[in-house]
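Okay, so here's the structure we're looking at.
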Protein chains: 2
Amino acid sequence: MELANKERIKHHFKTFSKFTATPNEGMTRYSYSPEDVKTRTYIKEKMEQYGLTVREDGLGNIFGKLEGTIENAPSVLVGSHFDSVPHGGNFDGPAGVIAGLEVAALFQEQQIKPAYPLEVIAMIEEEGSRFGEGLMGSRGMNGLIDEEDFHTIRDKDGISVTEAMQQAGLDPTLPKHREQKTMKAFLELHIEQGPILEEENISIGVVDTIVGLTQLEVTVEGKAGHAGTTPMDRRSDALITASSLVSELPNLVQDESNGTVITTGKFAVYPNGANVIPQKVVFTIDLRSGEEASIRRVMQKAKTLIASHQKNGIHTSIHQHLYMQPKELSKEVRSSFKESTEKLGISYIPMQSGAGHDAMIFSDFTEAGLIFIPSKDGLSHCPEEWSDLEHLAQGVDILFETAKKLTEAEIG
Amino acid sequence: MELANKERIKHHFKTFSKFTATPNEGMTRYSYSPEDVKTRTYIKEKMEQYGLTVREDGLGNIFGKLEGTIENAPSVLVGSHFDSVPHGGNFDGPAGVIAGLEVAALFQEQQIKPAYPLEVIAMIEEEGSRFGEGLMGSRGMNGLIDEEDFHTIRDKDGISVTEAMQQAGLDPTLPKHREQKTMKAFLELHIEQGPILEEENISIGVVDTIVGLTQLEVTVEGKAGHAGTTPMDRRSDALITASSLVSELPNLVQDESNGTVITTGKFAVYPNGANVIPQKVVFTIDLRSGEEASIRRVMQKAKTLIASHQKNGIHTSIHQHLYMQPKELSKEVRSSFKESTEKLGISYIPMQSGAGHDAMIFSDFTEAGLIFIPSKDGLSHCPEEWSDLEHLAQGVDILFETAKKLTEAEIG
């Protein structure tokens, strides 16, 4: 039995794919950008078409609500984020938003009357690509960011969150915080962004744990000088130290298990002239693990390693941007996902998530669940990112069955 | 006996220092920029004030000529460049241009009539900071760059040399090539940009050899991916490879002598997002030595090292931008410098130059000479770059004496 309408899903993806700042070079959809506004307009139109009541909060998160029969009851939220990394793909984020839209379309088609409200949710700035703060939509609505921070967190052009919202025609004075008691559950579909489901030929991963993560910013400072006239033994070359450090980082996780990974993705050299000895390098460290002890152990090793390079006129410093513990997701929702999967005859395995999705934030405030669908070649955050329509439709079916159950819906 | 007017020299430096794109953060004067145009206007004004006939060539190099008594005789050129690196100092380049202006002022003050013309010269784009091609002013005027290249060499914003000149109000259709027979000698004063003269407490370095240099651009390509979901053993991380390579480069020159140095100054990571495994890194290698065999040996080692990292989905490639042999400067001019130094009672030592100055280019076309003055703490290419007025004045005196001799001047 197939529930989801593949043509409808395909049309959503095709429309989303048009709203990129870098046509023919992948999806670039920064929060509050012109591409955000176009996507936002489309999402709101479709929510209304599927009979949902639309509102936005003071962060620009979008909610489409189907009222339940119980008055003032908490909602079952279904959705994900719609921002992207620079030159990313069309699935990381959108797959979950589109799945939410399709669940609502099925509720409408089948004239389902839920006891608890169903809310489709589309969130901003999960990637942190514009403001450098990941999971901003979910952290903001769950009260994990102070109001004043939205005035001080700025993008690379110095524009604050509040200013960027105003420039996009959004209203930052609307309420941002959503009270815990208004949420019964949060369901998210996301692409795996890794190779496991494809390699095992499995349609669905039911996530039990989301890895913890920390992001560090490391600054290495030395002394600039002329590349031709400064003898090798008189140099304090920030790049030689920084590159040596970065090349040693993978060794720090060699003995760890629990999916521990370490990455330097951003790396900037100053002044960056071919004949100038680098004075300064600033780079990021992204460290993740399913086991909090691993994160703490590797972080300590990284700090020791970085401090050990503080010699010969080199100064190093570390700033911690983000720290999230590993999170176990709702046992109840996981069971419900598994039941739906079995009922529908869809293959699944339990999995760990290596990426820190919005569901991780919600897990502290409500019953949160997350399912993965396969990513072609395990690729993500690049234009080649791809998931098959078949898997998307299967994922929607599971979300629909689970949402029906959690909203205690009656078939009209 | 003191010749140079220190107050006049001081005033020139003070004026030059105002024309920076980065006030309070060092000198940034790119070729054909608004700062170039302001400096250029000042140089031309001063040239006229000192009785020189001013012209610019089709590259924007500036010449101020004092005619000689012999008709159509070749000129003795005195000068340097006036562009800078980003966030550099006020002496690398300007010191030589200002010295040229002061030599002309002394010729005027003392009513000297040269047999051969004296020409003060102020050149563009020695640093290559805007167009990535070092020594462009001297290479261009000596016919070492094809005319069509000025349409294809572009800055980081895609603006060609020709377009940039037009935007600055300069005329790229003027003749660029200066015939060899029009030059009798080229004299340059430059700051040492190294620690030797200061440490030895010597006023002047008379350069006998300029080191050879090569600049390579290395590209390392891997595969992008999500920082959280790609296991460490499935990665083709371009940054891990590139940083490992860069950190090993200093080892390649450990056994070399003759002032062999190797530097990576420019290093760019793509796509440069904190949670994206780097897909590509492009970096420069700047390699210099007084001995050509050393350059060839180290370059071969670098190529072998880079090729050896081509594994696990990583592709590397090398593009050679520049190759210059070590150059011996004119014996005649060196003798003349030394005679002047002795006559004036100024301390000097013979030196090797670690930087590839414009004099290096001229040495293939005319009798070229180069003197160094001390750099405070050996620093250069940074805001702290500094040379004392006393040494500048001594350098001018030597240039003046040498220029008088080479132009076969008569004291009016």
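By convention in this document, the chains of the structure tokens carry letters A, B, ... by their order, each chain's residues are numbered from 1, and ligands are numbered from 1 in the order they are shown.
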
Please identify every residue of chain A that has at least one atom no more than 6 Å from any atom of chain B, counting only C-alpha atoms, and report them as a PDB file with C-alpha atoms, in the first residue's frame.
ATOM      1  CA  GLN A 193      24.389  12.101   4.621  1.00  0.00           C
ATOM      2  CA  GLY A 194      26.500   8.974   4.971  1.00  0.00           C
ATOM      3  CA  GLY A 225      57.975  38.873   7.245  1.00  0.00           C
ATOM      4  CA  HIS A 226      59.385  38.858   3.745  1.00  0.00           C
ATOM      5  CA  ALA A 227      59.496  35.401   2.164  1.00  0.00           C
ATOM      6  CA  GLY A 228      62.895  36.016   0.590  1.00  0.00           C
ATOM      7  CA  THR A 229      64.868  37.777   3.274  1.00  0.00           C
ATOM      8  CA  THR A 230      63.923  36.053   6.515  1.00  0.00           C
ATOM      9  CA  ILE A 240      53.634  26.056   9.265  1.00  0.00           C
ATOM     10  CA  SER A 243      49.150  23.135   9.033  1.00  0.00           C
ATOM     11  CA  SER A 244      51.200  20.841  11.218  1.00  0.00           C
ATOM     12  CA  SER A 247      47.448  17.383   9.770  1.00  0.00           C
ATOM     13  CA  THR A 263      37.212  17.864  10.867  1.00  0.00           C
ATOM     14  CA  GLY A 265      36.493  22.745   7.399  1.00  0.00           C
ATOM     15  CA  LYS A 266      37.311  26.448   7.658  1.00  0.00           C
ATOM     16  CA  ASN A 272      47.612  35.687   2.510  1.00  0.00           C
ATOM     17  CA  GLY A 273      50.198  37.056   0.064  1.00  0.00           C
ATOM     18  CA  ALA A 274      52.462  34.696  -1.921  1.00  0.00           C
ATOM     19  CA  ASN A 275      55.663  36.420  -0.723  1.00  0.00           C
ATOM     20  CA  VAL A 276      54.651  37.172   2.872  1.00  0.00           C
ATOM     21  CA  ILE A 277      55.305  34.785   5.761  1.00  0.00           C
ATOM     22  CA  PRO A 278      51.849  34.179   7.297  1.00  0.00           C
ATOM     23  CA  GLY A 354      26.607  11.749  12.980  1.00  0.00           C
ATOM     24  CA  ALA A 355      25.036  15.140  12.340  1.00  0.00           C
ATOM     25  CA  LEU A 379      27.368  12.413  -0.239  1.00  0.00           C
ATOM     26  CA  SER A 380      25.960  15.564   1.314  1.00  0.00           C
ATOM     27  CA  HIS A 381      26.726  19.280   1.565  1.00  0.00           C
TER      28      HIS A 381
END

Those of range 189-318 of chain A in DSSP alpha helix (DSSP H), formatted as a PyMOL selection string | chain A and resi 196-200+238-248+292-308

Selection file, C-alpha atoms, as a short mmCIF file (atom, residue, chain, number, x, y, z; two decimals), in the first residue's frame:
data_model
loop_
_atom_site.label_atom_id
_atom_site.label_comp_id
_atom_site.auth_asym_id
_atom_site.auth_seq_id
_atom_site.Cartn_x
_atom_site.Cartn_y
_atom_site.Cartn_z
CA ILE A 196 25.52 3.09 5.45
CA LEU A 197 21.86 2.71 4.31
CA GLU A 198 22.84 2.62 0.64
CA GLU A 199 25.57 0.06 1.22
CA GLU A 200 23.26 -2.16 3.30
CA ALA A 238 51.78 30.82 11.66
CA LEU A 239 50.90 28.62 8.67
CA ILE A 240 53.63 26.06 9.27
CA THR A 241 52.39 25.63 12.84
CA ALA A 242 48.68 25.60 11.88
CA SER A 243 49.15 23.13 9.03
CA SER A 244 51.20 20.84 11.22
CA LEU A 245 48.42 20.98 13.85
CA VAL A 246 45.62 20.31 11.36
CA SER A 247 47.45 17.38 9.77
CA GLU A 248 47.82 15.78 13.22
CA GLU A 292 30.40 12.07 25.52
CA ALA A 293 33.56 10.68 27.13
CA SER A 294 35.13 10.47 23.66
CA ILE A 295 34.40 14.12 22.97
CA ARG A 296 35.92 15.17 26.28
CA ARG A 297 38.96 12.95 25.77
CA VAL A 298 39.68 14.15 22.22
CA MET A 299 39.03 17.78 23.14
CA GLN A 300 41.59 17.49 25.92
CA LYS A 301 44.10 15.90 23.52
CA ALA A 302 43.47 18.68 20.99
CA LYS A 303 44.05 21.35 23.63
CA THR A 304 47.30 19.70 24.70
CA LEU A 305 48.44 19.36 21.09
CA ILE A 306 47.64 23.00 20.31
CA ALA A 307 49.36 24.25 23.47
CA SER A 308 52.45 22.17 22.65
#

Fewer than 4 positions away in the same chain doesn't count, so skip those; otherwise give me all residues within 12 Å of Val120 in chain A, counting only C-alpha atoms, as a ChimeraX atom specification.
-> /A:43-44,46-48,50-56,61-67,75-81,96-105,107,185-188,399-400,403

Counting only C-alpha atoms, the option among B:Asp358, B:Glu408, B:Asp92, B:Asp83 closest to Trp386 in chain B =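 When distances to Trp386 in chain B are compared using only C-alpha atoms, the smallest one comes from B:Asp92.
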
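We find CA of Leu118 in chain A and CA of Val333 in chain A to be spaced 15.1 Å apart.
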